[in-house]
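Structure record follows, encoded as structure tokens.
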Amino acid sequence: MQEGSLVHRLVEGGSLRPGRRAVLLGAAGLGMLAAPSILRAQAAFGSRPIEIVTHAGVGGGTDITARMTAVDAAAALGTELIVVNKTGGSGAAALAYAAQRPKDGHTVLLLTQTHLITMLRSRTAAQIEDLVAVARATEDPQVVMVRADSPLANIDEFLSAGKSKGLRFGITHVGSVDHVATAGFAKAAGIRPPTAVPFRGGGDIVVNLVGGNIDVGLLNFAEGEAQIRAGEVRPLMVLSRERMSSLPDAPTARELKIDFVAATTRGYAVMKGTPEDRIARLEEGMLKGLRGPTFTNYLKTSGQAPDSVAGRAEWQAQLESFSRESQQALAELGVTR
Amino acid sequence: MEAFLGGMASLGDPFVVFMILAGTLIGITVGALPGISGSTTIALMLPLTLGLDPVVSLAFLGSIYCAANFGGSITAILVNAPGDPSASATALEGYKMAERGEAGMALGMSAVASAIGGIFSVVVMIIAAPLLSRAAYNFGPPEYLALALFGLSMCAAVGSDNPLKNLIAAALGVLLATVGIDLTTGVERYTFGFYDLTDGVSFVAALIGLFAVGEMLDQATQQMGKPTLLKMDAVRVPGRAEFRKCNRSIWLGSVIGTLVGVLPALGATAAALIGYNETRRWSKHKHEFGHGSIEGVAGPEAANNAAVGGCMVPTLALGIPGSATTAIILAGLIVQGVRPGPHLFTEQPTLLYAVFASMLAANILYLVIGLGAAKLFARISLIPASLLWPAVFVLSVIGAYGANQSMGDVWLMMGFGILGFLFRRIGFSPAPLIMGLVLGAMVEESLKQSLLIFGDGVVAGFAGRPIALVLFAITAVGLLAPPAYRLLSRMRQPQAREV
């Protein structure tokens, strides 16, 4: 089916030089069943739809990031972008899938910190060294949230309470990105190691924060926005470098002498071995998509900064530093491989 | 009131009505196909709706959501393949009815019960959404633990007539629920290194295997050439007598579905299972359950459609989605610039009521479509098994693959198919297994969360949770009352003889 659609697209789009088209058509006509991987590797860039591979199921924040990017990036790259959801293994299935695809720039991974942690925790098909950054899509800072009417809503109270007992932090499962961030935050703030209570997602954490079942939640702005506006949850501090435009009154942790930043970060990457000129074209096209009206509006409405979008140099450096930090944090939590 | 009328007035726009109709038709279709769920469809449609007016796009997405829940019952009844996980309880009785040649009866009842449940919950949402949404905050892990135990306590009574077999199946379900990454330790359990198992056993694959593939294997062993004349009754739709019989189940299902839907951690599937249990508990015709009870179709169908309105309560009033589908609708709302939360009711009431109005309209539309087409759909049950079941098998494979785009799930489905076949052979029912799978995971998670939250003061912690205590008490009464009653009547009998 893959090869059939390839030929179909070539005929329809006519994007190739006649010589190669004839060769390809001839090859397909001869039924070269064993050759498709070679053919694919040589396929001209943009001659097939580009696959965005994500570990997230349809409908989550990561999946929506991919779909919002695709709207404007398709025009910039001159081909369709399709989202492929390879769930399972906390990103391991997506990495395995991407690793076995031809390295011709038609397979782009939507990478999150979850992948990096999975790579550190198990022997996945691709490790951080096997990936090349393309562009960063979102950087959604974590916000330390507490119940508005709890004594912890005062920063001094919060820090002194945290020093006398382990506070209850809501996280997604043990060994996850949240867990690493929670441990890192506690260390930087000089409070006792918190009790990590695992939940299924951000929504559950907010409910339990308001319901008084946990003391603190490290959440994205959008996850707690309704409760912040209703005055039920107080954003104590934001874990970004500068104050967030959506929460101008909340100080950054650094202003409070807590040297810690954390964000939910998502960006695009390809497998190492993809030709350099294609990575450059991909970066250009993806950045056009990410700076297009659809994605910009998505960032704005979900409370994320427009400077979330960044090129490959910045994103690559960030991936590497996060991987190093996580390795250390996981070792301290006792959950490395 | 003004806002309410303003919202209703949006139904005067022919384009809005057209989009609701389109959404309803799409919803019924994808709902009926196993594996393509309402949530997948809404996620795929989301980018397309971005260019539309917020009212139009929300009306469109909302009507897909409403109709998909109803559509799932069609294939559940006709070929025992729940088109949507929430229809699994419907398959239990609905398919038995279709086998008996009463497909039209089951389909008609499903359409009516679904619509009543759906409309009931939307009306409740209009009246009490801000108030009800507070209930979500009062439900923490201890309360979910109590609720899940309450559900599990019914396991022995659900399914076959043999309580021991039901308990064995339920225990198997609970065991299967432990597969996957453990939330509290981050350790993989029983995954054997397969990525497809890290998030647990795929519910869709398990359902399709147990119900549809199991049934196909069973059919394959039977002699062909059954007299089909008996089945000419299949196109008969329910009349006044049937509705009178199911009245109580429909209302019970509607109330349970709405309440369960309001709780963010529970969705339409849990609502349908609890609705089924309670319908059976309060039925005057208990002996019919497990053998094609029309009340057993009405109760869960009312419940799962009522849960749709219920799920919208925390989504709109708190910005916390109650299900996968509402999570996507929430994303759509936010992108459209609508800010869900308590203030939505004061800041953008017209938009809110337009959403309610379109959900009402979708419920009425699928009632009309469902009743009108019940006779047509029912003819599917007249197709010879040798043609029907291979087609169902193809759909099953596509369905199991489609949910996560994974071949692993297809093999899992085949495995569950064989299990489902063996279950039929030795007189087990898949119903308690499904309940164990859904509720077992919840019991474990909420228990571990409760223990972490309470720390050292576990007893004091539970003692301070009145809602949990009441639910524990109801569970205890439900479990202990029948044996106590038997004991009491045995003690009384000899006395009666003496006198």
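Chain labels follow the order of the structure tokens: the first chain is A, the next B, and so on; residue numbering restarts at 1 in every chain, and ligands are counted from 1 in their shown order.
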Original post:
So which residues touch B:Ala169 within 7 Å, counting only C-alpha atoms, skipping near sequence neighbours fewer than 4 positions away, as a PyMOL selection string?
Top reply: chain B and resi 165+173+432-433
Just all heavy atoms for this one: save the residues we selected as an mmCIF file, in the first residue's frame.
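part-v1.cif was written with the following content:
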```
data_model
loop_
_atom_site.group_PDB
_atom_site.id
_atom_site.type_symbol
_atom_site.label_atom_id
_atom_site.label_comp_id
_atom_site.auth_asym_id
_atom_site.auth_seq_id
_atom_site.Cartn_x
_atom_site.Cartn_y
_atom_site.Cartn_z
ATOM 1 N N LYS B 165 -18.734 -19.248 39.057
ATOM 2 C CA LYS B 165 -18.122 -18.985 37.751
ATOM 3 C C LYS B 165 -17.939 -17.482 37.536
ATOM 4 O O LYS B 165 -16.940 -17.038 36.983
ATOM 5 C CB LYS B 165 -18.989 -19.576 36.635
ATOM 6 C CG LYS B 165 -18.869 -21.084 36.533
ATOM 7 C CD LYS B 165 -19.709 -21.620 35.385
ATOM 8 C CE LYS B 165 -19.480 -23.116 35.218
ATOM 9 N NZ LYS B 165 -20.366 -23.700 34.209
ATOM 10 N N GLY B 173 -10.381 -10.980 35.518
ATOM 11 C CA GLY B 173 -10.397 -9.586 35.071
ATOM 12 C C GLY B 173 -9.514 -8.713 35.940
ATOM 13 O O GLY B 173 -8.745 -7.884 35.443
ATOM 14 N N PRO B 432 -18.532 -10.367 34.052
ATOM 15 C CA PRO B 432 -17.745 -10.103 35.265
ATOM 16 C C PRO B 432 -16.273 -9.849 34.966
ATOM 17 O O PRO B 432 -15.642 -9.075 35.675
ATOM 18 C CB PRO B 432 -17.927 -11.370 36.114
ATOM 19 C CG PRO B 432 -18.684 -12.327 35.311
ATOM 20 C CD PRO B 432 -19.179 -11.678 34.078
ATOM 21 N N LEU B 433 -15.762 -10.466 33.898
ATOM 22 C CA LEU B 433 -14.356 -10.220 33.539
ATOM 23 C C LEU B 433 -14.155 -8.751 33.174
ATOM 24 O O LEU B 433 -13.207 -8.105 33.608
ATOM 25 C CB LEU B 433 -13.950 -11.121 32.370
ATOM 26 C CG LEU B 433 -12.464 -11.135 32.020
ATOM 27 C CD1 LEU B 433 -12.066 -12.495 31.492
ATOM 28 C CD2 LEU B 433 -12.068 -10.084 31.019
#
```
Residues of chain B that approach chain A to 7 Å or less, counting only C-alpha atoms: could you list each one with the shortest pair of atoms and its distance in Å to one decimal, rows by chain and increasing residue number, as a Markdown table?
```
| residue | atom | partner | partner_atom | distance |
| --- | --- | --- | --- | --- |
| B:Thr40 | CA | A:Val58 | CA | 6.2 |
| B:Ala43 | CA | A:Gly59 | CA | 5.3 |
| B:Tyr137 | CA | A:Gly211 | CA | 4.8 |
| B:Asn138 | CA | A:Gly211 | CA | 5.9 |
| B:Gly140 | CA | A:Asn208 | CA | 6.1 |
| B:Leu183 | CA | A:His173 | CA | 4.4 |
| B:Thr184 | CA | A:Val174 | CA | 5.6 |
| B:Thr185 | CA | A:Val174 | CA | 5.5 |
| B:Gly186 | CA | A:Val174 | CA | 4.7 |
| B:Tyr195 | CA | A:Gly89 | CA | 4.6 |
| B:Asp196 | CA | A:Gly88 | CA | 5.2 |
| B:Thr198 | CA | A:Gly89 | CA | 5.2 |
| B:Asp199 | CA | A:Gly88 | CA | 6.1 |
| B:Leu318 | CA | A:Ala226 | CA | 6.1 |
| B:Gly319 | CA | A:Ala226 | CA | 5.8 |
| B:Ile320 | CA | A:Gly203 | CA | 5.4 |
| B:Ile328 | CA | A:Gly59 | CA | 5.3 |
| B:Ile334 | CA | A:Thr301 | CA | 6.1 |
| B:Val335 | CA | A:Tyr298 | CA | 5.7 |
| B:Gly337 | CA | A:Thr301 | CA | 6.2 |
| B:Pro340 | CA | A:Ala226 | CA | 6.4 |
| B:Gly341 | CA | A:Ala226 | CA | 4.6 |
| B:Pro342 | CA | A:Ala230 | CA | 6.5 |
| B:Asn404 | CA | A:Thr87 | CA | 6.3 |
| B:Gln405 | CA | A:Lys86 | CA | 6.6 |
| B:Gln449 | CA | A:Val197 | CA | 6.1 |
| B:Leu452 | CA | A:Val197 | CA | 6.3 |
| B:Ile453 | CA | A:Asn213 | CA | 6.4 |
```
Written selection (C-alpha atoms) as a short mmCIF file (atom, residue, chain, number, x, y, z; two decimals), in the first residue's frame:
```
data_model
loop_
_atom_site.label_atom_id
_atom_site.label_comp_id
_atom_site.auth_asym_id
_atom_site.auth_seq_id
_atom_site.Cartn_x
_atom_site.Cartn_y
_atom_site.Cartn_z
CA THR B 40 -10.83 9.31 17.78
CA ALA B 43 -9.73 14.34 17.51
CA TYR B 137 -13.95 18.09 44.35
CA ASN B 138 -15.46 15.94 47.08
CA GLY B 140 -10.85 11.93 46.06
CA LEU B 183 1.58 4.02 38.86
CA THR B 184 3.04 3.96 42.35
CA THR B 185 6.31 2.16 41.63
CA GLY B 186 6.87 2.82 37.93
CA TYR B 195 5.31 -2.20 24.34
CA ASP B 196 1.65 -2.83 23.68
CA THR B 198 2.95 -1.11 29.07
CA ASP B 199 -0.25 0.93 29.28
CA LEU B 318 -14.25 23.17 36.05
CA GLY B 319 -12.18 22.85 32.90
CA ILE B 320 -11.51 19.23 33.90
CA ILE B 328 -10.53 16.72 23.11
CA ILE B 334 -9.67 26.47 24.43
CA VAL B 335 -8.38 26.90 20.89
CA GLY B 337 -10.91 31.12 22.80
CA PRO B 340 -14.04 26.76 30.63
CA GLY B 341 -14.44 27.27 34.34
CA PRO B 342 -16.99 28.46 36.86
CA ASN B 404 -3.64 2.30 18.95
CA GLN B 405 -2.41 1.55 15.41
CA GLN B 449 -3.28 6.78 46.45
CA LEU B 452 -0.06 7.67 50.36
CA ILE B 453 -2.38 10.59 51.13
#
```
Original post:
Pick the closest to B:Ile418 from B:Val213, B:Val30, B:Val56, B:Ala362: which is it, counting only C-alpha atoms?
Top reply: B:Val213
**OP:** Report as a PyMOL selection string: the residues of stretch 66-279 of chain A with a DSSP assignment of strand (DSSP E or B), based on the backbone of this structure.
**Re:** chain A and resi 81-85+107-112+131-147+168-171+195-198+216-220+233-238+252+263-271
Subject >> Shell around B:Pro238 at 8 Å using only C-alpha atoms, local window under 3 positions removed, as a list in words >> reply: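 Listed by chain and then number, they are Gly104, Met105, Ala106, Gly108, Met109, Ala241, Glu242 and Phe243 of chain B.
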Would you mind exporting N, CA and C atoms of the selected residues as an mmCIF file, in the first residue's frame?
```cif
data_model
loop_
_atom_site.group_PDB
_atom_site.id
_atom_site.type_symbol
_atom_site.label_atom_id
_atom_site.label_comp_id
_atom_site.auth_asym_id
_atom_site.auth_seq_id
_atom_site.Cartn_x
_atom_site.Cartn_y
_atom_site.Cartn_z
ATOM 1 N N GLY B 104 -34.970 -5.946 16.411
ATOM 2 C CA GLY B 104 -35.660 -4.667 16.276
ATOM 3 C C GLY B 104 -36.111 -4.135 17.625
ATOM 4 N N MET B 105 -36.576 -5.064 18.455
ATOM 5 C CA MET B 105 -37.026 -4.695 19.793
ATOM 6 C C MET B 105 -35.867 -4.079 20.580
ATOM 7 N N ALA B 106 -34.708 -4.750 20.544
ATOM 8 C CA ALA B 106 -33.551 -4.265 21.292
ATOM 9 C C ALA B 106 -33.054 -2.940 20.729
ATOM 10 N N GLY B 108 -34.733 -0.667 19.010
ATOM 11 C CA GLY B 108 -35.700 0.398 19.288
ATOM 12 C C GLY B 108 -35.592 0.848 20.738
ATOM 13 N N MET B 109 -35.488 -0.143 21.637
ATOM 14 C CA MET B 109 -35.393 0.203 23.052
ATOM 15 C C MET B 109 -34.111 0.980 23.320
ATOM 16 N N ALA B 241 -46.202 -1.837 25.803
ATOM 17 C CA ALA B 241 -45.982 -2.802 26.879
ATOM 18 C C ALA B 241 -44.514 -2.862 27.273
ATOM 19 N N GLU B 242 -43.644 -2.842 26.259
ATOM 20 C CA GLU B 242 -42.213 -2.924 26.542
ATOM 21 C C GLU B 242 -41.731 -1.679 27.281
ATOM 22 N N PHE B 243 -42.235 -0.521 26.832
ATOM 23 C CA PHE B 243 -41.786 0.703 27.486
ATOM 24 C C PHE B 243 -42.241 0.745 28.931
#
```
Subject >> Counting only C-alpha atoms, the residue of B:Ala385, B:Leu316, B:Leu376, B:Ala306 that sits nearest B:Val123 >> reply: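 Looking at the shortest contact to B:Val123, the residue is B:Ala306.
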Among stretch 154-334 of chain B, which ones does DSSP place in alpha helix (DSSP H), written as a short mmCIF file (atom, residue, chain, number, x, y, z; two decimals) with C-alpha atoms, in the first residue's frame?
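The result, written out as states.cif:
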```
data_model
loop_
_atom_site.label_atom_id
_atom_site.label_comp_id
_atom_site.auth_asym_id
_atom_site.auth_seq_id
_atom_site.Cartn_x
_atom_site.Cartn_y
_atom_site.Cartn_z
CA PRO B 163 -22.03 -17.15 41.15
CA LEU B 164 -18.83 -19.18 41.49
CA LYS B 165 -18.12 -18.98 37.75
CA ASN B 166 -18.83 -15.26 37.81
CA LEU B 167 -16.37 -14.74 40.65
CA ILE B 168 -13.69 -16.73 38.83
CA ALA B 169 -14.19 -14.59 35.71
CA ALA B 170 -14.10 -11.40 37.77
CA ALA B 171 -10.88 -12.49 39.48
CA LEU B 172 -9.35 -13.12 36.07
CA GLY B 173 -10.40 -9.59 35.07
CA VAL B 174 -8.78 -8.12 38.18
CA LEU B 175 -5.60 -10.06 37.40
CA LEU B 176 -5.55 -8.69 33.85
CA ALA B 177 -6.03 -5.19 35.27
CA PHE B 203 -9.66 -2.42 26.56
CA VAL B 204 -10.93 -2.22 22.99
CA ALA B 205 -8.95 -5.31 21.93
CA ALA B 206 -10.20 -7.24 24.95
CA LEU B 207 -13.83 -6.27 24.30
CA ILE B 208 -13.82 -7.08 20.60
CA GLY B 214 -15.51 -15.40 20.68
CA GLU B 215 -19.00 -15.43 19.21
CA MET B 216 -17.67 -16.05 15.71
CA LEU B 217 -15.65 -19.07 16.85
CA ASP B 218 -18.69 -20.39 18.67
CA GLN B 219 -20.90 -19.92 15.61
CA ALA B 220 -18.33 -21.74 13.49
CA ARG B 240 -46.23 0.39 24.84
CA ALA B 241 -45.98 -2.80 26.88
CA GLU B 242 -42.21 -2.92 26.54
CA PHE B 243 -41.79 0.70 27.49
CA ARG B 244 -43.94 0.25 30.54
CA LYS B 245 -41.74 -2.66 31.56
CA CYS B 246 -38.54 -0.68 31.09
CA ASN B 247 -39.72 2.59 32.57
CA ARG B 248 -37.97 2.04 35.87
CA SER B 249 -34.70 0.85 34.26
CA ILE B 250 -34.54 3.89 31.98
CA TRP B 251 -34.93 6.39 34.79
CA LEU B 252 -32.58 4.49 37.06
CA GLY B 253 -30.00 4.38 34.27
CA SER B 254 -30.44 8.08 33.52
CA VAL B 255 -29.85 9.13 37.12
CA ILE B 256 -26.90 6.79 37.66
CA GLY B 257 -25.33 7.76 34.34
CA THR B 258 -25.56 11.47 35.05
CA LEU B 259 -24.05 11.13 38.53
CA VAL B 260 -21.25 8.80 37.43
CA GLY B 261 -20.52 11.02 34.43
CA VAL B 262 -20.06 14.06 36.65
CA ALA B 268 -19.60 6.23 30.00
CA THR B 269 -18.23 2.67 30.23
CA ALA B 270 -18.24 2.63 34.02
CA ALA B 271 -21.66 4.31 33.97
CA ALA B 272 -23.07 1.57 31.73
CA LEU B 273 -21.64 -1.23 33.88
CA ILE B 274 -22.95 0.28 37.12
CA GLY B 275 -26.26 1.04 35.35
CA TYR B 276 -26.50 -2.59 34.29
CA ASN B 277 -25.83 -3.84 37.83
CA GLU B 278 -28.39 -1.58 39.40
CA THR B 279 -31.03 -2.28 36.74
CA ARG B 280 -30.66 -5.95 37.55
CA ARG B 281 -30.73 -5.34 41.29
CA TRP B 282 -33.99 -3.39 41.15
CA GLU B 295 -34.48 -4.03 30.76
CA GLY B 296 -30.80 -4.99 30.58
CA VAL B 297 -30.61 -3.06 27.30
CA ALA B 298 -32.58 -0.05 28.50
CA GLY B 299 -30.68 0.50 31.78
CA PRO B 300 -27.09 0.63 30.51
CA GLU B 301 -28.05 2.51 27.32
CA ALA B 302 -29.80 5.21 29.33
CA ALA B 303 -26.80 5.30 31.65
CA ASN B 304 -24.06 5.62 29.04
CA ASN B 305 -25.84 8.38 27.18
CA ALA B 306 -26.68 10.18 30.40
CA ALA B 307 -22.97 10.05 31.22
CA VAL B 308 -22.34 12.19 28.12
CA GLY B 309 -24.16 15.13 29.65
CA GLY B 310 -22.65 14.28 33.00
CA CYS B 311 -19.11 14.35 31.60
CA MET B 312 -19.72 17.81 30.16
CA VAL B 313 -20.39 19.19 33.65
CA PRO B 314 -16.80 19.09 34.98
CA THR B 315 -15.48 19.86 31.49
CA LEU B 316 -17.38 23.12 31.19
CA ALA B 317 -17.73 24.12 34.82
CA LEU B 318 -14.25 23.17 36.05
CA ALA B 324 -11.08 11.05 26.62
CA THR B 325 -13.70 12.58 24.35
CA THR B 326 -14.38 15.60 26.55
CA ALA B 327 -10.63 16.14 26.86
CA ILE B 328 -10.53 16.72 23.11
CA ILE B 329 -13.66 18.87 23.16
CA LEU B 330 -11.95 20.88 25.92
CA ALA B 331 -8.92 21.40 23.71
CA GLY B 332 -11.27 22.55 20.95
CA LEU B 333 -12.97 24.99 23.30
CA ILE B 334 -9.67 26.47 24.43
#
```
**OP:** Tell me which protein, DNA and RNA residues are within 6 Å of A:Tyr268, counting only C-alpha atoms, leaving out same-chain ones fewer than 4 positions away, and put them as a list in words.
**Re:** Leu109, Leu110, Leu111, Val134 and Ala135 of chain A
Original post:
Separation of atom CA of A:Leu116 and atom CA of A:Gln318, in Å?
Top reply: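 Atom CA of A:Gln318 lies at a distance of 11.4 Å from atom CA of A:Leu116.
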Subject >> Option closest in space to A:Ala76, from A:Arg266, A:Arg291, A:Arg234, A:Lys163 [counting only C-alpha atoms] >> reply: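 When distances to A:Ala76 are compared using only C-alpha atoms, the smallest one comes from A:Arg291.
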**OP:** Identify, on the basis of only C-alpha atoms, every residue whose closest approach to A:Ala310 does not exceed 7 Å; exclude the query and any residue fewer than 2 positions from it along the same chain; express the result as a PyMOL selection string.
**Re:** chain A and resi 135-137+307-308+312+314-315
Find the residues near A:Val144: any atom within 10 Å, counting only C-alpha atoms, skip ones fewer than 6 places away on the same chain, and give them as a tab-separated table (two decimals) with C-alpha atoms, in the first residue's frame.
```tsv
chain	number	residue	atom	x	y	z
A	169	PHE	CA	2.96	16.43	45.69
A	182	THR	CA	9.25	17.36	41.78
A	185	PHE	CA	12.37	21.30	42.84
A	216	VAL	CA	1.10	20.85	45.99
A	217	GLY	CA	0.81	20.32	42.26
A	218	LEU	CA	3.46	21.07	39.64
A	219	LEU	CA	1.14	21.85	36.75
A	220	ASN	CA	1.04	23.65	33.43
A	221	PHE	CA	-0.85	26.92	33.42
A	234	ARG	CA	-2.99	29.91	43.93
A	235	PRO	CA	0.03	29.89	41.59
A	236	LEU	CA	2.81	30.18	44.17
A	237	MET	CA	5.69	30.52	41.71
A	238	VAL	CA	6.48	29.75	38.10
A	239	LEU	CA	9.44	27.55	37.19
A	250	ALA	CA	3.41	35.04	40.11
A	252	THR	CA	9.65	33.02	39.25
A	253	ALA	CA	11.38	30.51	41.49
```
Original post:
So, counting only C-alpha atoms, which residue among B:Ala357, B:Leu147, B:Ile77, B:Leu263 is closest to B:Ser323?
Top reply: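 Ranked by minimum distance to B:Ser323, first place goes to B:Leu263.
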Original post:
Which is closer to B:Ile181 than all the others in B:Met45, B:Ile116, B:Ala441, B:Ala473, using only C-alpha atoms?
Top reply: B:Ala441
